[in-house]
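Below is one structure, written out as structure tokens; the observations come after it.
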Amino acid sequence: MEKILFNCIKISGIAASVPKSIVDNINAHPKLSIEEKEKAIKLTGVREYRKASPDTCTSDLCQKAAEVLFKEMDILPESIDCILFVSQTPDYRLPSTACLLQDKLSCSKNIAAFDINLGCSGYIYGLYTAYSFINGGGMKRVLLLCGDTQTKLCHPEDKNVSMILGDAGTATLVEKDEQASPVIMKFMTDGSRYDKLIIPAGGCRRPSTSDTREIKRQMDGGVRSDEQLYMDGMEIFNFSVTDVIKTIQTYMEINGLSSEEFDYLILHQANKFMTDKIARKLKFPLEKVPYSLDVYGNTAGASIPLTIVHNFSKHRSLIKKHCLLSGFGVGLSWGLVDIVLDNVICPPLQEIS
Amino acid sequence: MEEKFLRLFTEILEREKLLNLDDKLEDVEEWDSLAALALVSMLDDEYGVIMGSKELERMISVRDIFNFVIQAQS
């Protein structure tokens with residue numbers, strides 16, 4: 001792959017929305033002891049997260065974020081040329097949730113709208129897609145909706161995931177701007193480790209049956225059905241601290257960049273132990289590494305934009321901040337975006353019941 | 001080198017009593033999936049060695065892990 005570089009395109013706004021309902025990790029999970037819970041919180045850094053009600057889907061969270069963004073930026077939905085919905089918790093297996101959102105957001109019919117099935121790396125890939133569509137000509141404004149309601153995918157007693165994963169939806173506006181600084185991106189995929197973060201059944205490879213829906217003790221000792229999320233924590237950890245670090249390090253070395261060049265390193269909010277280690281190895285001081293996982297948990301593709309809103313919306317807009325974004329996880333899929341966030345409108349975080 | 005390894009391993013388990021090479025992991029009270037993550041991270045930080053979940057499954061005693069580190073480094 002050659003260097004992926006974009007000129008004259010920028011992120012002009014980012015909004016986020018979370019469910020009102022808070023899960024406090026100490027008070028929840030009655031089958032785990034206080035000691036077990038405290039130990040897990042110490043390692044992961046996730047004290048609490050948000051849980052969507054049964055009636056709330058990722059699309060609802062993203063819709064709210066988009067509506068607030070339109071209002072704050074004073075733009076009309078008809079001006080959007082494309083809707084990208086990046087999520088692994090769509091409303092339906094088909095049609096694309098993006099199509100529903102075209103209608104719900106009152107966008108023009110004269111647009112492209114489709115889903116991208118990615119999780120933790122989703123925002124990075126979503127940005128790439130949005131930038132490419134504008135770069136290719138024909139589009140001026142792309143609405144990138146990125147989020148997940150992962151709490152619906154996991155078994156509440158699976159300590160590996162049920163204390164970490166949270167729900168959120170975000171909306172990012174990407175548009176043409178002659179003044180924008182160049183943006184560079186890098187992408188990686190390794191399908192040989194597809195089974196390290198997976199819902200094994202319910203798709204076409206292993207269709208849903210009463211057996212796959214049965215809650216049972218699995219080979220790793222966890223309790224869940226085959227249609228619930230499985231994560232090999234050790235392998236994902238190793239992946240993050242070797243492959244992901246190597247990709248970012250190589251990128252920085254080739255381009256003669258050090259952590260001093262950047263204002264912020266914004267990482268997918270996997271868990272604090274992992275992200276602290278990545279920051280340390282890349283020699284970023286912790287003041288340059290904003291977090292959101294302590295109160296929102298690991299929100300998959302939403303985690304990068306949510307972290308931006310959580311940390312910067314009080315200032316109402318980001319001004320000339322050189323940021324290195326990196327999303328990594330399910331696939332295995334990962335990537336980075338080297339971008340100057342300048343004059344980005346970030347309305348306050350929204351909540352929906 | 002043994003001493004340092006045992007000290008580091010004991011520290012990450014947050015236990016008082018120093019580990020022995022002959023200790024079996026299943027007998028170590030503090031050993032669980034989170035401790036395993038902390039161990040894997042320590043092995044990388046201190047020894048530049050990566051242990052995957054398949055290798056970890058084969059570890060029975062503290063000595064097995066120590067030997068793994070020695071082998072990986074040579």
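Ordered as shown in the structure tokens, chains take letters A, B, and onward, while each chain numbers its residues from 1 and ligands are numbered from 1 in the order shown.
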Taking 4 positions as the minimum chain separation for residues in the same chain, which residues sit within 10 Å of Ser53 of chain B when counting only C-alpha atoms? Answer as a compact mmCIF listing (two decimals) with all heavy atoms, in the first residue's frame.
```txt
# COMPACT_ATOMS: atom_id res chain seq x y z
N ASP A 232 -10.58 -13.52 23.47
CA ASP A 232 -9.39 -14.14 24.05
C ASP A 232 -8.53 -12.97 24.56
O ASP A 232 -7.74 -12.39 23.83
CB ASP A 232 -8.64 -14.96 22.98
CG ASP A 232 -7.42 -15.67 23.55
OD1 ASP A 232 -6.89 -15.25 24.60
OD2 ASP A 232 -6.97 -16.65 22.92
N GLY A 233 -8.73 -12.64 25.83
CA GLY A 233 -8.11 -11.45 26.41
C GLY A 233 -6.61 -11.41 26.24
O GLY A 233 -6.03 -10.37 25.93
N MET A 234 -5.97 -12.55 26.45
CA MET A 234 -4.51 -12.63 26.37
C MET A 234 -4.03 -12.31 24.96
O MET A 234 -3.10 -11.51 24.77
CB MET A 234 -4.09 -14.06 26.73
CG MET A 234 -2.62 -14.28 26.75
SD MET A 234 -1.88 -13.65 28.24
CE MET A 234 -2.95 -14.38 29.42
N GLU A 235 -4.64 -12.94 23.97
CA GLU A 235 -4.21 -12.74 22.59
C GLU A 235 -4.47 -11.30 22.13
O GLU A 235 -3.66 -10.73 21.40
CB GLU A 235 -4.94 -13.72 21.65
CG GLU A 235 -4.45 -15.15 21.77
CD GLU A 235 -2.99 -15.30 21.36
OE1 GLU A 235 -2.53 -14.58 20.45
OE2 GLU A 235 -2.29 -16.14 21.97
N ILE A 236 -5.61 -10.76 22.53
CA ILE A 236 -5.91 -9.38 22.14
C ILE A 236 -4.92 -8.43 22.81
O ILE A 236 -4.46 -7.46 22.21
CB ILE A 236 -7.37 -9.02 22.50
CG1 ILE A 236 -8.35 -9.87 21.69
CG2 ILE A 236 -7.64 -7.54 22.28
CD1 ILE A 236 -8.26 -9.67 20.19
N ASN A 238 -1.82 -9.18 23.72
CA ASN A 238 -0.53 -9.33 23.02
C ASN A 238 -0.54 -8.63 21.67
O ASN A 238 0.43 -7.97 21.30
CB ASN A 238 -0.23 -10.83 22.81
CG ASN A 238 0.41 -11.43 24.04
OD1 ASN A 238 1.01 -10.73 24.84
ND2 ASN A 238 0.28 -12.74 24.20
N ALA B 36 -2.61 -13.24 34.85
CA ALA B 36 -1.94 -13.73 33.65
C ALA B 36 -1.61 -12.57 32.70
O ALA B 36 -0.53 -12.52 32.12
CB ALA B 36 -2.81 -14.76 32.95
N LEU B 37 -2.55 -11.64 32.57
CA LEU B 37 -2.31 -10.47 31.72
C LEU B 37 -1.15 -9.63 32.26
O LEU B 37 -0.29 -9.18 31.52
CB LEU B 37 -3.55 -9.56 31.70
CG LEU B 37 -4.56 -9.78 30.59
CD1 LEU B 37 -5.64 -8.74 30.67
CD2 LEU B 37 -3.89 -9.71 29.23
N VAL B 40 2.09 -11.45 31.47
CA VAL B 40 2.46 -11.32 30.06
C VAL B 40 3.05 -9.94 29.78
O VAL B 40 4.03 -9.79 29.06
CB VAL B 40 1.22 -11.63 29.18
CG1 VAL B 40 1.41 -11.12 27.78
CG2 VAL B 40 0.95 -13.12 29.19
N GLU B 57 -1.10 -21.82 28.38
CA GLU B 57 -1.87 -23.01 28.77
C GLU B 57 -0.95 -24.16 29.20
O GLU B 57 -1.32 -24.99 30.02
CB GLU B 57 -2.72 -23.50 27.59
CG GLU B 57 -4.14 -22.95 27.57
CD GLU B 57 -4.80 -23.06 26.22
OE1 GLU B 57 -4.53 -24.08 25.51
OE2 GLU B 57 -5.55 -22.15 25.85
N ARG B 58 0.26 -24.20 28.60
CA ARG B 58 1.19 -25.31 28.89
C ARG B 58 1.98 -25.09 30.18
O ARG B 58 2.68 -25.98 30.64
CB ARG B 58 2.18 -25.48 27.73
CG ARG B 58 1.53 -25.95 26.44
CD ARG B 58 2.58 -26.58 25.53
NE ARG B 58 3.52 -25.59 25.05
CZ ARG B 58 3.40 -24.96 23.89
NH1 ARG B 58 2.37 -25.18 23.12
NH2 ARG B 58 4.32 -24.08 23.51
```
Residues of chain A that approach chain B to 10 Å or less, counting only C-alpha atoms: could you list each one with the shortest pair of atoms and its distance in Å to one decimal, rows by chain and increasing residue number, as a Markdown table?
```
| residue | atom | partner | partner_atom | distance |
| --- | --- | --- | --- | --- |
| A:Glu36 | CA | B:Leu34 | CA | 9.6 |
| A:Lys39 | CA | B:Leu34 | CA | 7.9 |
| A:Ala40 | CA | B:Leu34 | CA | 7.1 |
| A:Lys42 | CA | B:Leu34 | CA | 10.0 |
| A:Leu43 | CA | B:Leu34 | CA | 7.4 |
| A:Thr44 | CA | B:Leu34 | CA | 9.4 |
| A:Lys159 | CA | B:Ser33 | CA | 9.9 |
| A:Asn160 | CA | B:Ser33 | CA | 8.7 |
| A:Asp232 | CA | B:Ser53 | CA | 8.0 |
| A:Gly233 | CA | B:Leu37 | CA | 7.9 |
| A:Met234 | CA | B:Ser53 | CA | 5.8 |
| A:Glu235 | CA | B:Ser53 | CA | 6.1 |
| A:Ile236 | CA | B:Gly52 | CA | 9.6 |
| A:Phe237 | CA | B:Leu37 | CA | 7.5 |
| A:Asn238 | CA | B:Gly52 | CA | 7.0 |
| A:Phe239 | CA | B:Gly52 | CA | 9.4 |
| A:Val241 | CA | B:Ser41 | CA | 8.4 |
| A:Thr242 | CA | B:Ile50 | CA | 8.4 |
| A:Phe273 | CA | B:Ala38 | CA | 8.6 |
| A:Met274 | CA | B:Ser41 | CA | 8.8 |
| A:Lys277 | CA | B:Ser41 | CA | 8.4 |
| A:Lys281 | CA | B:Asp45 | CA | 9.2 |
```
Written file, previous selection with N, CA and C atoms, as an mmCIF file, in the first residue's frame:
```
data_model
loop_
_atom_site.group_PDB
_atom_site.id
_atom_site.type_symbol
_atom_site.label_atom_id
_atom_site.label_comp_id
_atom_site.auth_asym_id
_atom_site.auth_seq_id
_atom_site.Cartn_x
_atom_site.Cartn_y
_atom_site.Cartn_z
ATOM 1 N N GLU A 36 -12.956 -9.545 43.407
ATOM 2 C CA GLU A 36 -12.805 -9.819 41.970
ATOM 3 C C GLU A 36 -13.100 -8.558 41.169
ATOM 4 N N LYS A 39 -10.391 -5.866 41.551
ATOM 5 C CA LYS A 39 -9.180 -6.247 40.818
ATOM 6 C C LYS A 39 -9.360 -5.946 39.328
ATOM 7 N N ALA A 40 -10.544 -6.319 38.821
ATOM 8 C CA ALA A 40 -10.816 -6.091 37.397
ATOM 9 C C ALA A 40 -10.822 -4.592 37.087
ATOM 10 N N LYS A 42 -9.273 -2.254 38.669
ATOM 11 C CA LYS A 42 -7.900 -1.739 38.765
ATOM 12 C C LYS A 42 -7.163 -1.966 37.445
ATOM 13 N N LEU A 43 -7.349 -3.144 36.854
ATOM 14 C CA LEU A 43 -6.634 -3.464 35.626
ATOM 15 C C LEU A 43 -7.224 -2.746 34.410
ATOM 16 N N THR A 44 -8.550 -2.770 34.325
ATOM 17 C CA THR A 44 -9.168 -2.228 33.115
ATOM 18 C C THR A 44 -9.394 -0.732 33.171
ATOM 19 N N LYS A 159 -16.984 -12.252 32.826
ATOM 20 C CA LYS A 159 -16.175 -11.187 33.443
ATOM 21 C C LYS A 159 -15.244 -10.516 32.438
ATOM 22 N N ASN A 160 -14.787 -11.302 31.465
ATOM 23 C CA ASN A 160 -13.879 -10.769 30.443
ATOM 24 C C ASN A 160 -14.450 -9.587 29.693
ATOM 25 N N ASP A 232 -10.582 -13.524 23.470
ATOM 26 C CA ASP A 232 -9.387 -14.137 24.052
ATOM 27 C C ASP A 232 -8.527 -12.974 24.559
ATOM 28 N N GLY A 233 -8.733 -12.642 25.828
ATOM 29 C CA GLY A 233 -8.110 -11.451 26.414
ATOM 30 C C GLY A 233 -6.612 -11.406 26.241
ATOM 31 N N MET A 234 -5.972 -12.553 26.449
ATOM 32 C CA MET A 234 -4.511 -12.632 26.371
ATOM 33 C C MET A 234 -4.029 -12.308 24.960
ATOM 34 N N GLU A 235 -4.643 -12.937 23.972
ATOM 35 C CA GLU A 235 -4.212 -12.736 22.589
ATOM 36 C C GLU A 235 -4.473 -11.304 22.129
ATOM 37 N N ILE A 236 -5.607 -10.756 22.526
ATOM 38 C CA ILE A 236 -5.912 -9.376 22.143
ATOM 39 C C ILE A 236 -4.924 -8.428 22.815
ATOM 40 N N PHE A 237 -4.585 -8.735 24.053
ATOM 41 C CA PHE A 237 -3.606 -7.917 24.757
ATOM 42 C C PHE A 237 -2.263 -7.970 24.027
ATOM 43 N N ASN A 238 -1.819 -9.176 23.724
ATOM 44 C CA ASN A 238 -0.535 -9.333 23.019
ATOM 45 C C ASN A 238 -0.542 -8.626 21.674
ATOM 46 N N PHE A 239 -1.644 -8.763 20.966
ATOM 47 C CA PHE A 239 -1.795 -8.082 19.674
ATOM 48 C C PHE A 239 -1.634 -6.577 19.838
ATOM 49 N N VAL A 241 -0.176 -4.863 22.230
ATOM 50 C CA VAL A 241 1.121 -4.359 22.682
ATOM 51 C C VAL A 241 2.271 -4.787 21.782
ATOM 52 N N THR A 242 2.003 -5.608 20.770
ATOM 53 C CA THR A 242 3.059 -5.880 19.799
ATOM 54 C C THR A 242 2.684 -5.279 18.441
ATOM 55 N N PHE A 273 -4.943 -0.704 31.222
ATOM 56 C CA PHE A 273 -3.672 -1.385 31.351
ATOM 57 C C PHE A 273 -2.976 -1.445 29.985
ATOM 58 N N MET A 274 -3.779 -1.783 28.978
ATOM 59 C CA MET A 274 -3.282 -1.912 27.616
ATOM 60 C C MET A 274 -2.911 -0.560 27.028
ATOM 61 N N LYS A 277 0.111 1.068 28.479
ATOM 62 C CA LYS A 277 1.326 0.419 28.005
ATOM 63 C C LYS A 277 1.674 0.904 26.594
ATOM 64 N N LYS A 281 5.124 2.833 25.681
ATOM 65 C CA LYS A 281 6.080 2.347 24.689
ATOM 66 C C LYS A 281 6.299 3.346 23.560
#
```
Please determine, counting only C-alpha atoms, which residue among A:Gly256, A:Gly327, A:Pro30, A:Pro95 has the shortest atom-to-atom distance to Pro156 of chain A. A:Pro30
From chain B, collect each residue whose DSSP state is alpha helix (DSSP H) and return the set as an NGL selection string. :B and (2-12 or 33-47 or 53-57 or 62-73)
What residues in segment 129-181 of chain A get the DSSP label strand (DSSP E or B)? Please answer as a list in words. Arg141, Val142, Leu143, Leu144, Leu145, Cys146, Gly147, Asp148, Thr149, Leu165, Asp167, Ala168, Gly169, Thr170, Ala171, Thr172, Leu173, Val174, Glu175 and Lys176 of chain A
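You can rank A:Lys186, A:His155, A:Arg205, A:Lys176 by their closest distance to Val223 of chain A using only C-alpha atoms, and at the top of that list sits A:His155.
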Contacts of Asp22 of chain B at 9 Å (only C-alpha atoms; same-chain gap of 3+ positions) as a PyMOL selection string: chain B and resi 19+61-64
Residue subset to file, keeping N, CA, C and O atoms, as a CSV table (one decimal), in the first residue's frame:
```csv
chain,number,residue,atom,x,y,z
B,19,LEU,N,7.5,-16.0,45.7
B,19,LEU,CA,7.2,-17.3,45.0
B,19,LEU,C,8.5,-18.2,44.9
B,19,LEU,O,9.6,-17.6,44.9
B,61,SER,N,4.2,-24.8,36.3
B,61,SER,CA,4.8,-24.3,37.5
B,61,SER,C,5.5,-22.9,37.1
B,61,SER,O,5.6,-22.6,36.0
B,62,VAL,N,5.9,-22.3,38.2
B,62,VAL,CA,6.6,-21.0,38.0
B,62,VAL,C,7.9,-21.2,37.2
B,62,VAL,O,8.3,-20.4,36.4
B,63,ARG,N,8.5,-22.4,37.5
B,63,ARG,CA,9.8,-22.7,36.8
B,63,ARG,C,9.5,-22.8,35.2
B,63,ARG,O,10.4,-22.4,34.5
B,64,ASP,N,8.4,-23.4,34.8
B,64,ASP,CA,8.1,-23.5,33.4
B,64,ASP,C,8.1,-22.1,32.7
B,64,ASP,O,8.6,-21.9,31.6
```
Could you pull the residues within 9 Å of Leu5 of chain A, counting only C-alpha atoms, minus those fewer than 2 positions along the same chain, as JSON, numbers by chain? {"A": [3, 7, 182, 183, 184, 185]}
Could the residues in this selection be written to a file with all heavy atoms, as a CSV table (one decimal), in the first residue's frame?
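The file below, part28.csv, is the result:
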```
chain,number,residue,atom,x,y,z
A,3,LYS,N,1.5,5.5,0.5
A,3,LYS,CA,1.1,6.4,1.6
A,3,LYS,C,-0.3,6.9,1.3
A,3,LYS,O,-0.6,7.4,0.2
A,3,LYS,CB,2.1,7.5,1.6
A,3,LYS,CG,2.0,8.4,2.8
A,3,LYS,CD,3.2,9.4,2.8
A,3,LYS,CE,3.3,10.1,4.2
A,3,LYS,NZ,4.5,10.9,4.3
A,7,ASN,N,-5.6,15.8,1.1
A,7,ASN,CA,-5.5,17.2,1.3
A,7,ASN,C,-6.9,17.8,1.2
A,7,ASN,O,-7.8,17.3,0.6
A,7,ASN,CB,-4.6,17.9,0.2
A,7,ASN,CG,-3.1,17.6,0.5
A,7,ASN,OD1,-2.6,17.9,1.6
A,7,ASN,ND2,-2.4,17.1,-0.5
A,182,PRO,N,-2.8,18.4,5.7
A,182,PRO,CA,-2.9,17.0,5.1
A,182,PRO,C,-3.1,16.0,6.3
A,182,PRO,O,-2.8,16.2,7.4
A,182,PRO,CB,-1.4,16.8,4.6
A,182,PRO,CG,-0.8,18.1,4.5
A,182,PRO,CD,-1.5,19.0,5.5
A,183,VAL,N,-3.8,14.9,5.9
A,183,VAL,CA,-4.2,13.9,6.8
A,183,VAL,C,-3.6,12.6,6.3
A,183,VAL,O,-3.7,12.3,5.1
A,183,VAL,CB,-5.7,13.7,7.0
A,183,VAL,CG1,-6.0,12.6,7.9
A,183,VAL,CG2,-6.3,15.0,7.5
A,184,ILE,N,-2.9,11.8,7.1
A,184,ILE,CA,-2.3,10.6,6.7
A,184,ILE,C,-2.9,9.4,7.4
A,184,ILE,O,-3.2,9.5,8.6
A,184,ILE,CB,-0.7,10.6,6.9
A,184,ILE,CG1,-0.2,11.8,6.2
A,184,ILE,CG2,-0.1,9.4,6.4
A,184,ILE,CD1,1.2,12.2,6.6
A,185,MET,N,-3.1,8.3,6.7
A,185,MET,CA,-3.7,7.1,7.3
A,185,MET,C,-2.9,5.9,7.0
A,185,MET,O,-2.3,5.8,6.0
A,185,MET,CB,-5.1,7.0,6.8
A,185,MET,CG,-6.0,8.3,7.0
A,185,MET,SD,-7.7,7.9,6.6
A,185,MET,CE,-8.4,9.6,6.8
```
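Atom CA of Asp103 of chain A is found 28.1 Å from atom CA of Ser313 of chain A.
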